[in-house]
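**Student:** Okay, handing you the structure first.
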Amino acid sequence: EYKMILDLDTGIDDALAIAYALATPESDLIGIVSSYGNVLVERACQNSLDLLELLGHPEVPVFKGLSHSSTTNSFSVMPISAQIHGKNGVGEVEVPKAKRQVEAQSGVDFFIEAAHKYQDKLIIVPTGPLTNLAAAIQKDPTIVDLIGNVTLMGGALTVPGNVTPVTEANINQDPEAADIVFRSNLNLTMVGLDVTTRTLLTNKETASWRALGTLAGQKYADIVDYYIDAYKVTSPHLGGCALHDPLAVAVAVDPSLVDLLKLNMKVDTKAPFAGRTIGDETRINDPALHTKAAVNVDKERFLDLFMTKLTALFKA
Ligand code: BDR
Ligand code: CA
């Protein structure tokens with residue numbers, strides 16, 4: 001059995017990633033580390049705690065991660081985030097406050113401890129900036145050869161970015177951290193905008209959750225409707241909201257959902273393209289390939305899995 005850790009800047013699609021992970025028995029969700037981006041790190045912690053309890057899983061511990069990149073002092077929230085995820089990160093919906101609190105251990109130390117304990121059984125799924133994972137690698141470089149797999153939501157290889165013409169939000173938050181992670185020896189899979197903007201959800205699906213008549217179904221429907229409404233304004237051509245973060249969880253446990261391009265990758269850290277994910281030209285003939293990027297997705301199969309799993313979870 002695989003052990004999974006999520007690293008979330010808990011906004012709306014991160015909330016869907018939590019639900020997907022809880023509804024996936026092939027991997028045991030052993031903890032959630034918190035990041036920043038959609039919301040401040042404190043809010044990300046609270047949202048994860050509240051959502052876990054709403055979904056009937058208060059036993060999963062939540063660990064606080066770092067509050068900003070190493071190159072900024074600001075406790076950063078993306079300017080556009082309130083419009084997409086709401087000021088509270090969950091579409092201005094009130095989720096009952098969890099009884100459980102955040103753990104005393106830091107998210108960075110939890111990563112290091114889990115890497116040594118579970119080794120190749122450990123899957124890490126970051127769906128926010130890579131600040132915490134980069135800090136863990138710098139603190140204990142041996143973990144890169146221990147961790148089974150890192151499957152991250154972030155980056156864009158074959159399509160434009162979503163915060164600048166060439167950068168995706170999670171990588172853009174902390175390009176240096178992302179470059180450390182991409183250049184490390186980790187067994188790494190990038191689930192970027194190339195595939196996540198093709199897996200879409202509409203009000204039809206959220207209406208079916210609301211019709212379940214449970215608190216979890218109703219709250220998740222309200223939360224995701226906010227996100228769908230935002231997409232109607234910012235990306236009307238898509239015809240739904242992008243399931244970025246839950247797709248990364250799905251690919252982590254079932255890579256056959258996507259076509260993977262093997263290549264050595266790096267992240268530009270300097271202007272004018274800071275935050276761009278791109279092939280590493282210095283390693284074109286390097287046979288030691290350890291990074292892969294998802295370039296195609298079986299969207300029907302993913303959406304089917306997504307709806308089956310989340311419906312069952314919201315019903316329970
Ligand atoms: C990513 O940015 C965040 O706003 C979303 O939660 C997702 O992880 C998409 O670019
Ligand atoms: Ca996210």
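Residue numbering restarts at 1 for every chain of the structure tokens, chains are lettered A, B, ... in their displayed order, and ligands are numbered from 1 as they appear.
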Excluding stretch 26-42 of chain A and residues on its chain fewer than 5 positions from it, collect all residues at most 7 Å away from it, counting only C-alpha atoms, and give them as number ranges by chain.

**Tutor:** A: 1-11, 21, 60-68, 75-78, 81, 85, 89, 107, 128-129

**Student:** How would the residues just picked look written out with N, CA and C atoms as a short mmCIF file (atom, residue, chain, number, x, y, z; two decimals), in the first residue's frame?

**Tutor:**
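part.cif, freshly written:
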```cif
data_model
loop_
_atom_site.label_atom_id
_atom_site.label_comp_id
_atom_site.auth_asym_id
_atom_site.auth_seq_id
_atom_site.Cartn_x
_atom_site.Cartn_y
_atom_site.Cartn_z
N GLU A 1 0.83 -1.21 0.00
CA GLU A 1 0.00 0.00 0.00
C GLU A 1 0.86 1.26 0.00
N TYR A 2 0.51 2.19 -0.88
CA TYR A 2 1.25 3.44 -0.95
C TYR A 2 0.81 4.40 0.15
N LYS A 3 1.74 5.24 0.57
CA LYS A 3 1.45 6.30 1.54
C LYS A 3 1.52 7.62 0.78
N MET A 4 0.49 8.44 0.95
CA MET A 4 0.46 9.70 0.20
C MET A 4 0.49 10.90 1.13
N ILE A 5 1.27 11.91 0.74
CA ILE A 5 1.22 13.22 1.41
C ILE A 5 0.84 14.25 0.36
N LEU A 6 -0.16 15.06 0.67
CA LEU A 6 -0.52 16.18 -0.19
C LEU A 6 0.15 17.44 0.36
N ASP A 7 0.54 18.35 -0.54
CA ASP A 7 1.09 19.65 -0.13
C ASP A 7 0.25 20.72 -0.83
N LEU A 8 -0.65 21.36 -0.10
CA LEU A 8 -1.73 22.16 -0.70
C LEU A 8 -1.72 23.61 -0.26
N ASP A 9 -2.09 24.49 -1.21
CA ASP A 9 -2.42 25.89 -0.85
C ASP A 9 -3.95 25.95 -0.91
N THR A 10 -4.57 25.40 0.11
CA THR A 10 -5.94 24.92 0.00
C THR A 10 -6.98 25.94 -0.46
N GLY A 11 -7.12 25.97 -1.78
CA GLY A 11 -8.20 26.65 -2.48
C GLY A 11 -9.17 25.58 -2.97
N ALA A 21 -8.22 12.09 -2.91
CA ALA A 21 -7.24 11.26 -2.18
C ALA A 21 -7.94 10.41 -1.12
N VAL A 60 -6.68 12.49 9.75
CA VAL A 60 -5.52 12.85 8.91
C VAL A 60 -4.87 14.13 9.46
N PRO A 61 -3.60 14.07 9.81
CA PRO A 61 -2.95 15.26 10.40
C PRO A 61 -2.56 16.31 9.35
N VAL A 62 -2.55 17.56 9.78
CA VAL A 62 -2.20 18.69 8.91
C VAL A 62 -0.97 19.39 9.49
N PHE A 63 0.02 19.66 8.64
CA PHE A 63 1.30 20.25 9.06
C PHE A 63 1.49 21.59 8.37
N LYS A 64 1.96 22.57 9.12
CA LYS A 64 2.15 23.89 8.52
C LYS A 64 3.48 23.95 7.76
N GLY A 65 3.41 24.44 6.54
CA GLY A 65 4.61 24.62 5.75
C GLY A 65 5.08 26.06 5.79
N LEU A 66 5.96 26.42 4.86
CA LEU A 66 6.52 27.77 4.82
C LEU A 66 5.52 28.75 4.24
N SER A 67 5.68 30.03 4.62
CA SER A 67 4.65 31.02 4.27
C SER A 67 4.97 31.82 3.02
N HIS A 68 6.19 31.69 2.50
CA HIS A 68 6.55 32.43 1.29
C HIS A 68 7.84 31.86 0.72
N PHE A 75 4.08 37.63 2.66
CA PHE A 75 3.28 36.44 2.91
C PHE A 75 2.30 36.37 1.76
N SER A 76 2.72 35.67 0.70
CA SER A 76 2.04 35.93 -0.56
C SER A 76 0.76 35.17 -0.78
N VAL A 77 -0.21 35.93 -1.27
CA VAL A 77 -1.43 35.38 -1.85
C VAL A 77 -1.48 35.97 -3.24
N MET A 78 -1.80 35.16 -4.23
CA MET A 78 -1.86 35.69 -5.59
C MET A 78 -2.98 36.72 -5.69
N SER A 81 -6.36 35.57 -6.84
CA SER A 81 -6.88 34.37 -6.18
C SER A 81 -8.29 34.52 -5.60
N HIS A 85 -10.93 31.66 -6.09
CA HIS A 85 -11.16 30.73 -4.97
C HIS A 85 -11.95 31.37 -3.82
N GLY A 89 -10.70 31.10 0.32
CA GLY A 89 -10.13 29.95 -0.40
C GLY A 89 -11.16 28.89 -0.76
N GLY A 107 5.89 21.09 8.42
CA GLY A 107 5.67 20.34 7.19
C GLY A 107 6.97 19.82 6.59
N GLY A 128 0.63 23.13 -4.92
CA GLY A 128 0.85 24.55 -4.68
C GLY A 128 2.30 24.83 -5.02
N PRO A 129 2.88 25.93 -4.54
CA PRO A 129 4.31 26.19 -4.79
C PRO A 129 5.18 25.07 -4.20
#
```

**Student:** Select the residues contacting ligand 1 at a distance of at most 10 Å, based on only C-alpha atoms and all ligand atoms, then format the selection as a PyMOL selection string.

**Tutor:** chain A and resi 8-17+36-39+77-78+80-82+84-85+89+126-129+152-156+161-163+167-173+192-193+196-197+242-246+248

**Student:** Please identify all polymer residues within 12 Å of A:Thr291, counting only C-alpha atoms, omitting same-chain residues fewer than 3 positions from it, and present them as a JSON list (two decimals) with C-alpha atoms, in the first residue's frame.

**Tutor:**
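Generated file (result.json):
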```json
[["chain", "number", "residue", "atom", "x", "y", "z"],
["A", 149, "ASN", "CA", 7.51, 9.42, -6.54],
["A", 150, "VAL", "CA", 6.58, 13.09, -6.64],
["A", 151, "THR", "CA", 3.62, 13.92, -8.88],
["A", 152, "LEU", "CA", 3.03, 17.64, -8.93],
["A", 181, "VAL", "CA", 12.90, 20.12, -7.23],
["A", 182, "PHE", "CA", 13.06, 19.64, -11.03],
["A", 183, "ARG", "CA", 16.85, 19.36, -11.15],
["A", 184, "SER", "CA", 17.05, 17.01, -8.18],
["A", 185, "ASN", "CA", 17.21, 13.28, -8.65],
["A", 186, "LEU", "CA", 13.60, 12.81, -7.58],
["A", 187, "ASN", "CA", 11.41, 10.49, -9.59],
["A", 188, "LEU", "CA", 9.17, 13.34, -10.74],
["A", 189, "THR", "CA", 6.00, 13.59, -12.81],
["A", 190, "MET", "CA", 4.70, 16.98, -13.89],
["A", 191, "VAL", "CA", 0.95, 17.30, -14.34],
["A", 260, "LEU", "CA", 4.10, 10.90, -20.36],
["A", 261, "LEU", "CA", 6.94, 12.60, -22.19],
["A", 262, "LYS", "CA", 10.30, 11.78, -20.63],
["A", 263, "LEU", "CA", 12.73, 14.66, -20.55],
["A", 264, "ASN", "CA", 15.13, 16.41, -18.23],
["A", 265, "MET", "CA", 13.48, 19.63, -17.15],
["A", 266, "LYS", "CA", 14.46, 22.86, -15.47],
["A", 277, "THR", "CA", 9.07, 25.09, -17.11],
["A", 278, "ILE", "CA", 11.18, 23.91, -20.01],
["A", 279, "GLY", "CA", 13.50, 21.12, -21.20],
["A", 280, "ASP", "CA", 17.03, 21.42, -19.79],
["A", 283, "ARG", "CA", 21.13, 17.69, -20.40],
["A", 286, "ASP", "CA", 21.91, 12.82, -20.57],
["A", 287, "PRO", "CA", 20.55, 9.25, -20.43],
["A", 288, "ALA", "CA", 19.60, 9.64, -16.76],
["A", 294, "ALA", "CA", 2.03, 14.60, -18.87]]
```

**Student:** Just give me the gap between atom CA of A:Ile223 and atom CA of A:Val93 in Å, one decimal is fine.

**Tutor:**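 These two atoms are separated by 6.0 Å.
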
**Student:** Please return, as number ranges by chain, all residues of stretch 89-281 of chain A that DSSP assigns to strand (DSSP E or B) on the basis of the backbone.

**Tutor:** A: 122-126, 149-153, 164, 167, 188-191, 200-201, 241-242, 258-262, 265-267, 277-279

**Student:** Keeping only C-alpha atoms, take the residues you just selected and write them out as a compact mmCIF listing (two decimals), in the first residue's frame.

**Tutor:**
```txt
# COMPACT_ATOMS: atom_id res chain seq x y z
CA LEU A 122 5.89 7.28 -0.34
CA ILE A 123 4.12 9.42 -2.93
CA ILE A 124 4.16 13.19 -2.52
CA VAL A 125 1.62 15.28 -4.43
CA PRO A 126 2.30 19.04 -4.29
CA ASN A 149 7.51 9.42 -6.54
CA VAL A 150 6.58 13.09 -6.64
CA THR A 151 3.62 13.92 -8.88
CA LEU A 152 3.03 17.64 -8.93
CA MET A 153 0.41 19.96 -10.34
CA THR A 164 1.86 35.14 -17.40
CA THR A 167 4.17 30.63 -16.43
CA LEU A 188 9.17 13.34 -10.74
CA THR A 189 6.00 13.59 -12.81
CA MET A 190 4.70 16.98 -13.89
CA VAL A 191 0.95 17.30 -14.34
CA LEU A 200 -13.41 20.14 -16.79
CA LEU A 201 -16.37 20.14 -14.44
CA CYS A 241 -13.65 24.70 -14.39
CA ALA A 242 -10.28 22.99 -14.67
CA VAL A 258 -1.90 10.25 -19.09
CA ASP A 259 0.74 10.01 -21.83
CA LEU A 260 4.10 10.90 -20.36
CA LEU A 261 6.94 12.60 -22.19
CA LYS A 262 10.30 11.78 -20.63
CA MET A 265 13.48 19.63 -17.15
CA LYS A 266 14.46 22.86 -15.47
CA VAL A 267 12.71 26.05 -14.44
CA THR A 277 9.07 25.09 -17.11
CA ILE A 278 11.18 23.91 -20.01
CA GLY A 279 13.50 21.12 -21.20
```

**Student:** Which one is closest to A:Val95: A:Pro25, A:Pro272, A:Gly217, A:Gly239? Count only C-alpha atoms.

**Tutor:**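 Nearest to A:Val95: A:Gly217.
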
**Student:** Between atom CA of A:Ala19 and atom CA of A:Gly148, measure the distance and give it in Å to one decimal.

**Tutor:**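 Atom CA of A:Gly148 lies at a distance of 22.3 Å from atom CA of A:Ala19.
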
**Student:** Output as JSON, numbers by chain all residues of stretch 105-185 of chain A that backbone DSSP marks as alpha helix (DSSP H).

**Tutor:** {"A": [107, 108, 109, 110, 111, 112, 113, 114, 115, 116, 117, 118, 131, 132, 133, 134, 135, 136, 137, 138, 139, 169, 170, 171, 172, 173, 175, 176, 177, 178, 179, 180, 181, 182, 183]}

**Student:** For the selection you just gave me, I'd like the residues written to a file as a JSON list (two decimals), in the first residue's frame, keeping C-alpha atoms.

**Tutor:**
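Full text of again_9.json as output:
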```json
[["chain", "number", "residue", "atom", "x", "y", "z"],
["A", 107, "GLY", "CA", 5.67, 20.34, 7.19],
["A", 108, "VAL", "CA", 9.31, 20.25, 6.08],
["A", 109, "ASP", "CA", 10.27, 17.89, 8.94],
["A", 110, "PHE", "CA", 7.23, 15.72, 8.28],
["A", 111, "PHE", "CA", 8.38, 15.25, 4.66],
["A", 112, "ILE", "CA", 11.86, 14.22, 5.83],
["A", 113, "GLU", "CA", 10.57, 11.83, 8.50],
["A", 114, "ALA", "CA", 8.08, 10.20, 6.10],
["A", 115, "ALA", "CA", 10.74, 9.80, 3.37],
["A", 116, "HIS", "CA", 12.96, 7.81, 5.74],
["A", 117, "LYS", "CA", 10.07, 5.82, 7.17],
["A", 118, "TYR", "CA", 8.22, 4.82, 3.98],
["A", 131, "THR", "CA", 8.75, 25.81, -1.40],
["A", 132, "ASN", "CA", 8.27, 23.07, 1.23],
["A", 133, "LEU", "CA", 9.67, 20.22, -0.83],
["A", 134, "ALA", "CA", 12.71, 22.28, -1.90],
["A", 135, "ALA", "CA", 13.38, 23.19, 1.74],
["A", 136, "ALA", "CA", 13.16, 19.53, 2.74],
["A", 137, "ILE", "CA", 15.64, 18.55, 0.00],
["A", 138, "GLN", "CA", 18.05, 21.25, 1.13],
["A", 139, "LYS", "CA", 17.77, 20.20, 4.76],
["A", 169, "ALA", "CA", 0.69, 29.87, -10.96],
["A", 170, "ASN", "CA", 2.28, 27.26, -8.67],
["A", 171, "ILE", "CA", 5.70, 27.41, -10.34],
["A", 172, "ASN", "CA", 5.45, 31.18, -10.70],
["A", 173, "GLN", "CA", 5.10, 31.57, -6.91],
["A", 175, "PRO", "CA", 10.67, 29.45, -9.41],
["A", 176, "GLU", "CA", 13.86, 28.82, -7.38],
["A", 177, "ALA", "CA", 12.17, 26.12, -5.30],
["A", 178, "ALA", "CA", 10.69, 24.57, -8.43],
["A", 179, "ASP", "CA", 14.11, 24.51, -10.11],
["A", 180, "ILE", "CA", 15.63, 22.76, -7.08],
["A", 181, "VAL", "CA", 12.90, 20.12, -7.23],
["A", 182, "PHE", "CA", 13.06, 19.64, -11.03],
["A", 183, "ARG", "CA", 16.85, 19.36, -11.15]]
```

**Student:** Would you list the contacts of A:Gly56 as a PDB file with C-alpha atoms, in the first residue's frame, taking every protein, DNA or RNA residue within 12 Å and counting only C-alpha atoms, but skipping same-chain residues closer than 4 positions in sequence?

**Tutor:**
```pdb
ATOM      1  CA  ILE A  18      -8.349  16.129  -0.712  1.00  0.00           C
ATOM      2  CA  ALA A  19     -11.649  14.469  -1.583  1.00  0.00           C
ATOM      3  CA  LEU A  22      -9.623  10.228   0.625  1.00  0.00           C
ATOM      4  CA  ALA A  23     -11.723   8.274  -1.888  1.00  0.00           C
ATOM      5  CA  LEU A  49      -8.531  20.684   8.721  1.00  0.00           C
ATOM      6  CA  ASP A  50     -12.131  21.814   8.154  1.00  0.00           C
ATOM      7  CA  LEU A  51     -12.535  19.909   4.879  1.00  0.00           C
ATOM      8  CA  LEU A  52     -11.054  16.706   6.327  1.00  0.00           C
ATOM      9  CA  VAL A  60      -5.522  12.849   8.908  1.00  0.00           C
ATOM     10  CA  ALA A  98     -12.740  21.449  12.757  1.00  0.00           C
ATOM     11  CA  THR A 214     -25.590  15.396   2.698  1.00  0.00           C
ATOM     12  CA  LEU A 215     -23.673  18.290   4.255  1.00  0.00           C
ATOM     13  CA  ALA A 216     -20.484  17.307   2.402  1.00  0.00           C
ATOM     14  CA  LEU A 313     -17.428   9.924  -0.502  1.00  0.00           C
ATOM     15  CA  PHE A 314     -20.091  12.654  -0.260  1.00  0.00           C
ATOM     16  CA  LYS A 315     -22.801  10.027   0.248  1.00  0.00           C
ATOM     17  CA  ALA A 316     -21.023   8.326   3.142  1.00  0.00           C
TER      18      ALA A 316
END
```

**Student:** Which neighbours of A:Val195 fall inside 7 Å, counting only C-alpha atoms, when residues of the same chain fewer than 6 positions from it are skipped, and could you give them as a list in words?

**Tutor:**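 So, after excluding close chain neighbours, the residues are Ala294, Val295, Asn296 and Val297 of chain A.
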
**Student:** Tell me, as a count of residues only, which residues lie within 10 Å of A:Thr206, counting only C-alpha atoms; anything in the same chain fewer than 5 positions away does not count.

**Tutor:** 14

**Student:** Between atom CA of A:Phe273 and atom CA of A:Thr72, what is the spacing in Å?

**Tutor:**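 Value for the atom CA of A:Thr72-atom CA of A:Phe273 distance: 17.4 Å.
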
**Student:** Closest to ligand 2 among A:Pro141, A:Pro255, A:Glu281, A:Val249, using only C-alpha atoms and all ligand atoms?

**Tutor:** A:Val249
